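**Q** If it helps, the file is called my_file33.txt and holds compact mmCIF, C-alpha atoms:
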```txt
# COMPACT_ATOMS: atom_id res chain seq x y z
CA MET A 199 103.03 36.43 -23.71
CA THR A 200 101.74 38.93 -21.13
CA ALA A 201 98.19 38.76 -22.55
CA GLU A 202 98.24 34.96 -22.42
CA LYS A 203 99.47 35.04 -18.82
CA LEU A 204 96.68 37.47 -17.88
CA LYS A 205 94.12 35.22 -19.53
CA GLU A 206 95.47 32.20 -17.65
CA LEU A 207 95.38 33.99 -14.28
CA ARG A 208 91.85 35.22 -14.89
CA SER A 209 90.81 31.68 -15.77
CA GLN A 210 92.26 30.45 -12.48
CA LEU A 211 90.40 33.23 -10.66
CA ASP A 212 87.13 32.26 -12.34
CA GLY A 213 87.65 28.68 -11.19
CA ILE A 214 88.25 29.81 -7.61
CA ASN A 215 85.11 31.99 -7.75
CA VAL A 216 83.07 28.95 -8.78
CA LYS A 217 84.60 26.89 -5.95
CA LEU A 218 83.82 29.69 -3.48
CA LEU A 219 80.23 29.81 -4.73
CA ASP A 220 79.89 26.04 -4.38
CA LEU A 221 81.27 26.23 -0.83
CA MET A 222 78.92 29.10 0.04
CA THR A 223 75.98 27.13 -1.35
CA GLU A 224 76.99 24.14 0.75
CA ARG A 225 77.33 26.41 3.78
CA ALA A 226 73.89 27.91 3.10
CA GLU A 227 72.29 24.45 3.09
CA ILE A 228 73.84 23.68 6.48
CA VAL A 229 72.78 27.08 7.83
CA THR A 230 69.18 26.42 6.71
CA ASP A 231 69.20 23.07 8.53
CA ILE A 232 70.57 24.78 11.65
CA GLY A 233 67.75 27.33 11.43
CA LYS A 234 65.14 24.56 11.36
CA VAL A 235 66.69 22.89 14.41
CA LYS A 236 66.78 26.22 16.27
CA ALA A 237 63.14 26.87 15.43
CA LYS A 238 62.12 23.46 16.81
CA ILE A 239 63.98 23.87 20.10
CA GLY A 240 63.12 27.56 20.46
CA THR A 241 66.68 28.88 20.28
CA LYS A 242 67.35 32.41 19.04
CA ARG A 243 68.71 32.69 15.51
CA PHE A 244 71.56 35.03 16.46
CA ASP A 245 74.23 33.66 18.79
CA PRO A 246 76.85 36.40 19.34
CA VAL A 247 79.16 34.13 21.35
CA ARG A 248 79.26 31.52 18.59
CA GLU A 249 79.83 34.20 15.94
CA ASN A 250 82.73 35.71 17.89
CA GLN A 251 84.31 32.28 18.35
CA MET A 252 84.17 31.62 14.59
CA LEU A 253 85.64 35.03 13.78
CA GLU A 254 88.52 34.66 16.22
CA ASP A 255 89.28 31.17 14.90
CA LEU A 256 89.39 32.51 11.32
CA VAL A 257 91.61 35.44 12.31
CA SER A 258 94.02 33.08 14.08
CA ARG A 259 94.37 31.15 10.77
CA ASN A 260 94.87 34.27 8.68
CA LYS A 261 98.20 34.17 6.82
CA GLY A 262 97.61 37.31 4.76
CA PRO A 263 97.56 39.23 2.55
CA PHE A 264 94.22 40.40 4.01
CA SER A 265 94.36 42.18 7.36
CA ASP A 266 92.58 40.67 10.36
CA ASP A 267 89.96 43.46 10.19
CA THR A 268 89.28 42.66 6.54
CA VAL A 269 88.83 38.95 7.34
CA ARG A 270 86.41 39.87 10.13
CA HIS A 271 84.47 42.18 7.81
CA LEU A 272 84.20 39.64 4.97
CA PHE A 273 83.01 36.82 7.20
CA LYS A 274 80.61 39.03 9.15
CA GLN A 275 78.88 39.73 5.83
CA ILE A 276 78.64 35.98 5.19
CA PHE A 277 77.27 35.44 8.71
CA LYS A 278 74.70 38.20 8.23
CA ALA A 279 73.55 36.66 4.94
CA SER A 280 73.22 33.34 6.76
CA LEU A 281 70.99 34.90 9.43
CA ASP A 282 68.82 36.39 6.70
CA LEU A 283 68.53 32.92 5.15
CA GLN A 284 67.23 31.52 8.42
CA LYS A 285 64.75 34.40 8.70
CA THR A 286 63.47 33.82 5.16
CA ASP A 287 63.12 30.11 5.80
CA GLN A 288 61.19 30.79 8.99
CA HIS A 289 58.76 33.07 7.13
CA LYS A 290 58.17 30.34 4.54
CA GLU A 291 57.03 27.94 7.23
CA LEU A 292 54.47 30.14 9.02
CA LEU A 293 51.13 28.35 9.24
CA VAL A 294 49.32 31.61 8.39
CA SER A 295 51.28 31.95 5.15
CA ARG A 296 49.90 31.40 1.67
CA LYS A 297 53.08 29.42 1.01
CA ILE A 298 51.67 26.78 3.38
CA LYS A 299 48.00 27.03 2.34
CA LYS A 300 47.18 28.43 -1.11
CA THR A 301 43.40 28.54 -0.72
CA ASP A 302 41.46 31.03 1.41
CA THR A 303 40.42 29.91 4.86
CA ILE A 304 36.65 30.21 5.30
CA VAL A 305 35.31 30.36 8.86
CA ASP A 306 31.77 28.97 8.94
CA VAL A 307 29.74 29.98 11.98
CA LYS A 308 26.19 28.65 12.02
CA GLY A 309 25.93 28.99 8.27
CA VAL A 310 27.52 32.43 8.01
CA LYS A 311 30.76 32.14 6.04
CA ILE A 312 33.52 34.65 6.77
CA GLY A 313 36.16 34.66 4.07
CA GLY A 314 33.95 33.42 1.27
CA THR A 315 32.55 35.23 -1.75
CA GLU A 316 30.03 37.25 0.26
CA LYS A 317 31.08 40.07 2.59
CA VAL A 318 29.69 40.30 6.12
CA ILE A 319 28.88 42.95 8.72
CA PHE A 320 29.62 42.56 12.43
CA ALA A 321 27.69 45.12 14.47
CA GLY A 322 26.41 45.96 17.91
CA PRO A 323 27.04 48.22 20.89
CA CYS A 324 30.51 49.09 22.10
CA ALA A 325 29.51 47.90 25.58
CA VAL A 326 26.67 45.74 26.84
CA GLU A 327 24.67 47.93 29.21
CA SER A 328 21.33 46.14 29.65
CA TYR A 329 19.08 43.50 28.11
CA GLU A 330 16.82 46.19 26.67
CA GLN A 331 19.71 48.00 25.00
CA VAL A 332 21.14 44.83 23.40
CA ARG A 333 17.71 43.60 22.33
CA ALA A 334 16.92 46.93 20.63
CA ALA A 335 20.32 46.98 18.88
CA ALA A 336 19.91 43.36 17.76
CA GLU A 337 16.46 44.05 16.32
CA THR A 338 17.94 46.84 14.20
CA LEU A 339 20.64 44.47 12.96
CA LYS A 340 18.09 41.78 12.19
CA ALA A 341 15.91 44.24 10.27
CA ASN A 342 18.92 45.04 8.07
CA GLY A 343 19.89 41.43 7.42
CA VAL A 344 22.81 41.30 9.86
CA ARG A 345 23.23 38.19 12.06
CA LEU A 346 26.66 38.86 13.58
CA LEU A 347 26.04 40.57 16.94
CA ARG A 348 29.05 42.01 18.74
CA GLY A 349 29.09 43.65 22.14
CA GLY A 350 31.63 44.31 24.86
CA ALA A 351 31.16 42.58 28.21
CA TYR A 352 34.78 42.88 29.36
CA LYS A 353 36.09 46.35 28.49
CA PRO A 354 39.85 46.95 28.82
CA ARG A 355 40.00 50.75 29.06
CA THR A 356 42.87 53.23 29.12
CA SER A 357 41.54 54.84 32.30
CA PRO A 358 40.76 52.66 35.35
CA TYR A 359 37.83 54.99 36.07
CA ASP A 360 36.02 54.32 32.78
CA PHE A 361 33.20 51.77 32.49
CA GLN A 362 34.81 48.32 32.47
CA GLY A 363 31.81 46.29 31.31
CA LEU A 364 29.34 43.94 32.97
CA GLY A 365 31.53 40.85 32.71
CA GLU A 366 29.73 37.50 32.69
CA GLU A 367 26.37 39.22 33.14
CA GLY A 368 26.99 40.99 29.83
CA LEU A 369 27.76 37.69 28.11
CA GLN A 370 24.54 36.22 29.48
CA ILE A 371 22.57 39.12 28.00
CA LEU A 372 24.23 38.69 24.60
CA ARG A 373 23.50 34.97 24.58
CA LYS A 374 19.87 35.44 25.60
CA VAL A 375 19.22 38.01 22.85
CA ALA A 376 21.08 35.96 20.25
CA ASP A 377 19.05 32.86 21.05
CA GLU A 378 15.82 34.84 20.83
CA LEU A 379 16.65 36.34 17.42
CA ASP A 380 18.80 33.56 15.90
CA MET A 381 22.00 35.60 15.90
CA ILE A 382 25.69 34.88 16.31
CA VAL A 383 27.45 36.29 19.38
CA ILE A 384 30.91 37.88 19.35
CA SER A 385 32.55 39.37 22.41
CA GLU A 386 36.00 40.00 23.82
CA ILE A 387 37.70 38.19 26.65
CA VAL A 388 40.83 39.58 28.26
CA SER A 389 42.27 36.63 30.18
CA PRO A 390 42.87 32.91 29.62
CA TYR A 391 40.82 32.32 32.78
CA GLU A 392 37.72 33.61 30.96
CA MET A 393 37.95 30.93 28.26
CA GLU A 394 35.52 28.60 30.06
CA VAL A 395 32.84 31.28 30.31
CA ALA A 396 33.47 32.21 26.67
CA HIS A 397 32.71 28.63 25.60
CA LYS A 398 29.49 28.82 27.57
CA TYR A 399 28.07 31.98 25.96
CA LEU A 400 29.93 32.93 22.76
CA ASP A 401 30.04 31.74 19.17
CA ILE A 402 33.16 33.79 18.31
CA ILE A 403 35.83 34.97 20.74
CA GLN A 404 37.41 38.36 20.15
CA ILE A 405 40.95 39.17 21.23
CA GLY A 406 41.23 42.95 21.37
CA ALA A 407 43.98 45.28 20.25
CA ARG A 408 45.44 45.66 23.73
CA ASN A 409 45.75 41.87 24.02
CA MET A 410 47.18 41.12 20.58
CA GLN A 411 50.46 40.17 22.26
CA ASN A 412 48.97 38.61 25.38
CA PHE A 413 50.71 35.37 24.55
CA GLU A 414 49.05 33.23 27.22
CA LEU A 415 45.64 34.36 25.94
CA LEU A 416 46.71 33.60 22.35
CA LYS A 417 47.78 30.11 23.41
CA ALA A 418 44.47 29.56 25.18
CA ALA A 419 42.65 30.73 22.03
CA GLY A 420 44.72 28.25 20.05
CA ASP A 421 43.57 25.45 22.32
CA ALA A 422 39.93 26.49 21.96
CA ASN A 423 37.86 24.79 19.30
CA MET A 424 35.99 27.92 18.26
CA PRO A 425 36.47 30.90 15.91
CA ILE A 426 38.68 33.79 16.99
CA ILE A 427 38.66 37.42 15.88
CA LEU A 428 42.17 38.78 16.38
CA LYS A 429 42.48 42.56 16.34
CA ARG A 430 45.71 44.28 15.31
CA GLY A 431 47.52 45.97 18.16
CA LEU A 432 47.55 49.75 18.54
CA SER A 433 51.14 50.06 17.32
CA ALA A 434 51.72 46.61 15.86
CA THR A 435 53.55 46.04 12.61
CA ILE A 436 52.07 43.69 10.04
CA ASP A 437 54.72 41.08 10.90
CA GLU A 438 53.80 41.27 14.59
CA PHE A 439 50.14 40.90 13.63
CA LYS A 440 50.94 37.77 11.61
CA TYR A 441 52.98 36.24 14.41
CA ALA A 442 50.15 36.84 16.88
CA ALA A 443 47.85 34.87 14.57
CA GLU A 444 50.57 32.23 14.26
CA TYR A 445 50.40 31.67 18.03
CA VAL A 446 46.76 30.63 17.64
CA LEU A 447 47.30 28.44 14.57
CA SER A 448 50.37 26.80 16.08
CA ARG A 449 48.15 25.35 18.82
CA GLY A 450 45.79 23.75 16.31
CA ASN A 451 43.05 26.36 15.84
CA SER A 452 42.87 27.61 12.23
CA GLN A 453 39.53 29.42 12.68
CA VAL A 454 41.13 32.87 12.89
CA ILE A 455 39.63 36.07 11.52
CA LEU A 456 42.03 39.00 11.38
CA CYS A 457 40.74 42.49 12.16
CA GLU A 458 42.43 45.72 11.08
CA ARG A 459 41.30 48.41 13.55
CA GLY A 460 43.67 51.27 12.86
CA ILE A 461 47.10 52.03 14.27
CA ARG A 462 48.43 54.88 16.38
CA THR A 463 50.19 57.64 14.45
CA TYR A 464 50.74 61.37 14.95
CA GLU A 465 47.47 62.15 13.11
CA ARG A 466 44.71 63.56 15.33
CA ALA A 467 41.91 64.04 12.78
CA THR A 468 40.81 60.48 13.54
CA ARG A 469 40.99 58.34 16.68
CA ASN A 470 43.50 56.04 14.97
CA THR A 471 44.85 55.82 11.43
CA LEU A 472 43.08 53.20 9.32
CA ASP A 473 45.79 51.21 7.53
CA ILE A 474 43.88 50.23 4.39
CA SER A 475 47.09 48.84 2.85
CA ALA A 476 47.14 46.13 5.54
CA VAL A 477 44.08 44.52 3.95
CA PRO A 478 45.56 43.57 0.54
CA ILE A 479 48.91 42.78 2.17
CA MET A 480 47.37 40.33 4.64
CA LYS A 481 45.13 38.88 1.91
CA SER A 482 48.15 38.20 -0.29
CA GLU A 483 50.54 37.00 2.40
CA THR A 484 48.13 34.95 4.54
CA HIS A 485 45.15 32.70 3.83
CA LEU A 486 43.10 34.05 6.74
CA PRO A 487 39.97 36.20 6.34
CA ILE A 488 40.33 39.84 7.36
CA ILE A 489 37.72 42.37 8.41
CA VAL A 490 38.03 46.08 9.19
CA ASP A 491 36.71 47.82 12.30
CA VAL A 492 35.56 51.15 10.85
CA SER A 493 34.44 52.50 14.24
CA HIS A 494 37.60 52.16 16.33
CA SER A 495 39.89 52.94 13.41
CA THR A 496 38.44 56.43 12.91
CA GLY A 497 36.32 57.23 15.96
CA ARG A 498 34.11 59.26 13.61
CA LYS A 499 30.73 58.08 12.43
CA ASP A 500 30.57 60.82 9.76
CA ILE A 501 33.16 58.91 7.69
CA VAL A 502 32.03 55.37 8.45
CA ILE A 503 30.41 54.83 5.04
CA PRO A 504 33.39 55.90 2.87
CA THR A 505 35.90 54.01 5.05
CA ALA A 506 33.70 50.91 4.97
CA LYS A 507 33.45 51.12 1.17
CA ALA A 508 37.22 51.59 0.92
CA SER A 509 37.85 48.59 3.16
CA LEU A 510 35.62 46.30 1.13
CA ALA A 511 37.03 47.63 -2.13
CA ALA A 512 40.54 46.85 -0.84
CA GLY A 513 39.51 43.20 -0.37
CA ALA A 514 38.26 43.00 3.22
CA ASP A 515 35.93 40.08 3.94
CA GLY A 516 33.69 42.26 6.07
CA ILE A 517 33.46 45.22 8.38
CA MET A 518 32.84 45.70 12.08
CA VAL A 519 30.85 48.73 13.18
CA GLU A 520 29.36 49.94 16.44
CA HIS A 521 25.62 50.55 16.76
CA HIS A 522 23.66 51.77 19.78
CA PRO A 523 19.90 52.36 20.02
CA ASN A 524 20.58 55.76 21.61
CA PRO A 525 24.27 56.77 21.28
CA PRO A 526 24.11 59.98 23.39
CA VAL A 527 23.45 57.91 26.54
CA ALA A 528 26.01 55.19 25.76
CA LEU A 529 28.40 54.36 28.60
CA SER A 530 31.41 54.18 26.25
CA ASP A 531 32.49 55.59 22.87
CA ALA A 532 29.20 57.43 22.32
CA ALA A 533 30.59 59.63 19.53
CA GLN A 534 31.45 56.75 17.20
CA GLN A 535 28.32 54.58 17.58
CA LEU A 536 25.65 54.69 14.86
CA ASN A 537 22.00 55.18 15.74
CA PRO A 538 19.35 52.97 14.05
CA THR A 539 18.81 55.35 11.12
CA GLU A 540 22.55 55.74 10.50
CA PHE A 541 23.08 51.99 10.67
CA ALA A 542 20.32 51.40 8.11
CA GLU A 543 21.92 54.02 5.83
CA LEU A 544 25.27 52.23 6.13
CA CYS A 545 23.76 48.86 5.22
CA THR A 546 21.99 50.38 2.21
CA ALA A 547 25.20 52.10 1.04
CA LEU A 548 27.17 48.87 1.32
CA LYS A 549 24.74 46.60 -0.53
CA PRO A 550 26.67 46.81 -3.85
CA PHE A 551 29.86 45.76 -2.01
CA LEU A 552 28.46 42.89 0.04
CA SER A 553 27.65 40.36 -2.68
```
Using structure tokens, write down the structure that the file contains.

**A**
Amino acid sequence: MTAEKLKELRSQLDGINVKLLDLMTERAEIVTDIGKVKAKIGTKRFDPVRENQMLEDLVSRNKGPFSDDTVRHLFKQIFKASLDLQKTDQHKELLVSRKIKKTDTIVDVKGVKIGGTEKVIFAGPCAVESYEQVRAAAETLKANGVRLLRGGAYKPRTSPYDFQGLGEEGLQILRKVADELDMIVISEIVSPYEMEVAHKYLDIIQIGARNMQNFELLKAAGDANMPIILKRGLSATIDEFKYAAEYVLSRGNSQVILCERGIRTYERATRNTLDISAVPIMKSETHLPIIVDVSHSTGRKDIVIPTAKASLAAGADGIMVEHHPNPPVALSDAAQQLNPTEFAELCTALKPFLS
């Protein structure tokens, strides 16, 4: 008799468990819909006032045998799981995600495809100093089969006393040399107000590490109908990196090239710490091409070749490296810029990885 009663009670409990699960599933569906509405109107997922109101209402209806604290604890766990559901749903809907676009995005710039089967090299001086300097650097690139010419005209520097770049004059020099040698120009802008001049002179706009979360600049880049190189911030997480790219895509521009350039850690053997793991993670979680800046990530030209090989082996779509015709006289980052001989050695070493 006792065994039969126990079996009956357990059966009732099983039925209640199923009902609870059905109710929680129904609740989860509503929570997911709420998350979508919040995302559209820009409301934060977590509303502490609303949560407290729900908890107090539940406690006021509590007839035992659970204590009020137990009721609060149980429902706070349900609320937390609901917030996680909204977060997961939000991640699913990111435009940069492979869940939205299964195939790789290929950015085609004047016949050079970034993100395709062939790997590419972006190279050039850290800073544009003169026409002669850029022309000499570009000739070295051209001689080694490289068409992607990068150079800094606007230089956001840690110290206000360091060389800040030539500005528009630097962009004019880059454009002149590129037109003469049939090259593709990449340079950084640091403000939305420079977008007009960027359209005038550049083929690819770069948004640097210090501006990865300059949201007005990201929005302006999203409104621009031209390719963007987006560098990872100095201390940015991978999620923050993805959301920065999302700003650009959300405004209609899908021509985004991600750039891993090292992150700040306690290590001092290199200028930054090259996060190689970011390459396969971003390749698997997003559809955007990704390149690796092997100059800024290490600050050491003696390890440029092995880090470049490692980056390409990890799945990077290309590398970015700094080259100067005469590094000892460079106005910025002289120690990390390759001279013509070193650049040629790099290109030779990378040939097996580039096709």

**Q** Env of Ile517 of chain A: 9 Å cut, atoms = only C-alpha atoms, seq-sep filter 3 positions within chain, self excluded. Answer as a VMD selection string.

**A** chain A and resid 317 to 321 457 488 to 492 506 509 to 510 514

**Q** Can you pull out every residue within 10 Å of Glu392 of chain A, counting all atoms listed in the file, but drop anything in the same chain fewer than 2 positions away, and send it as a compact mmCIF listing (two decimals) with C-alpha atoms, in the coordinates of the input?

**A**
```
# COMPACT_ATOMS: atom_id res chain seq x y z
CA TYR A 352 34.78 42.88 29.36
CA GLY A 365 31.53 40.85 32.71
CA GLU A 366 29.73 37.50 32.69
CA GLU A 386 36.00 40.00 23.82
CA ILE A 387 37.70 38.19 26.65
CA VAL A 388 40.83 39.58 28.26
CA SER A 389 42.27 36.63 30.18
CA PRO A 390 42.87 32.91 29.62
CA GLU A 394 35.52 28.60 30.06
CA VAL A 395 32.84 31.28 30.31
CA ALA A 396 33.47 32.21 26.67
CA HIS A 397 32.71 28.63 25.60
CA LEU A 415 45.64 34.36 25.94
CA ALA A 418 44.47 29.56 25.18
```

**Q** Rounded to one decimal in Å, what is the spacing between atom CA of Gly240 of chain A and atom CA of Met410 of chain A?

**A**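 For atom CA of Gly240 of chain A relative to atom CA of Met410 of chain A, the distance reads 20.9 Å.
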
**Q** Enumerate, as an NGL selection string, the protein, DNA and RNA residues whose atoms approach (46.1, 41.1, 24.6) to within 12 Å, taking into account only C-alpha atoms and the coordinate frame of the file.

**A** :A and (353-354 or 386-390 or 404-419 or 428-432 or 434 or 439 or 442-443)

**Q** Rounded to one decimal, what separation in Å do you get between atom CA of Tyr464 of chain A and atom CA of Gln534 of chain A?

**A** 20.0 Å
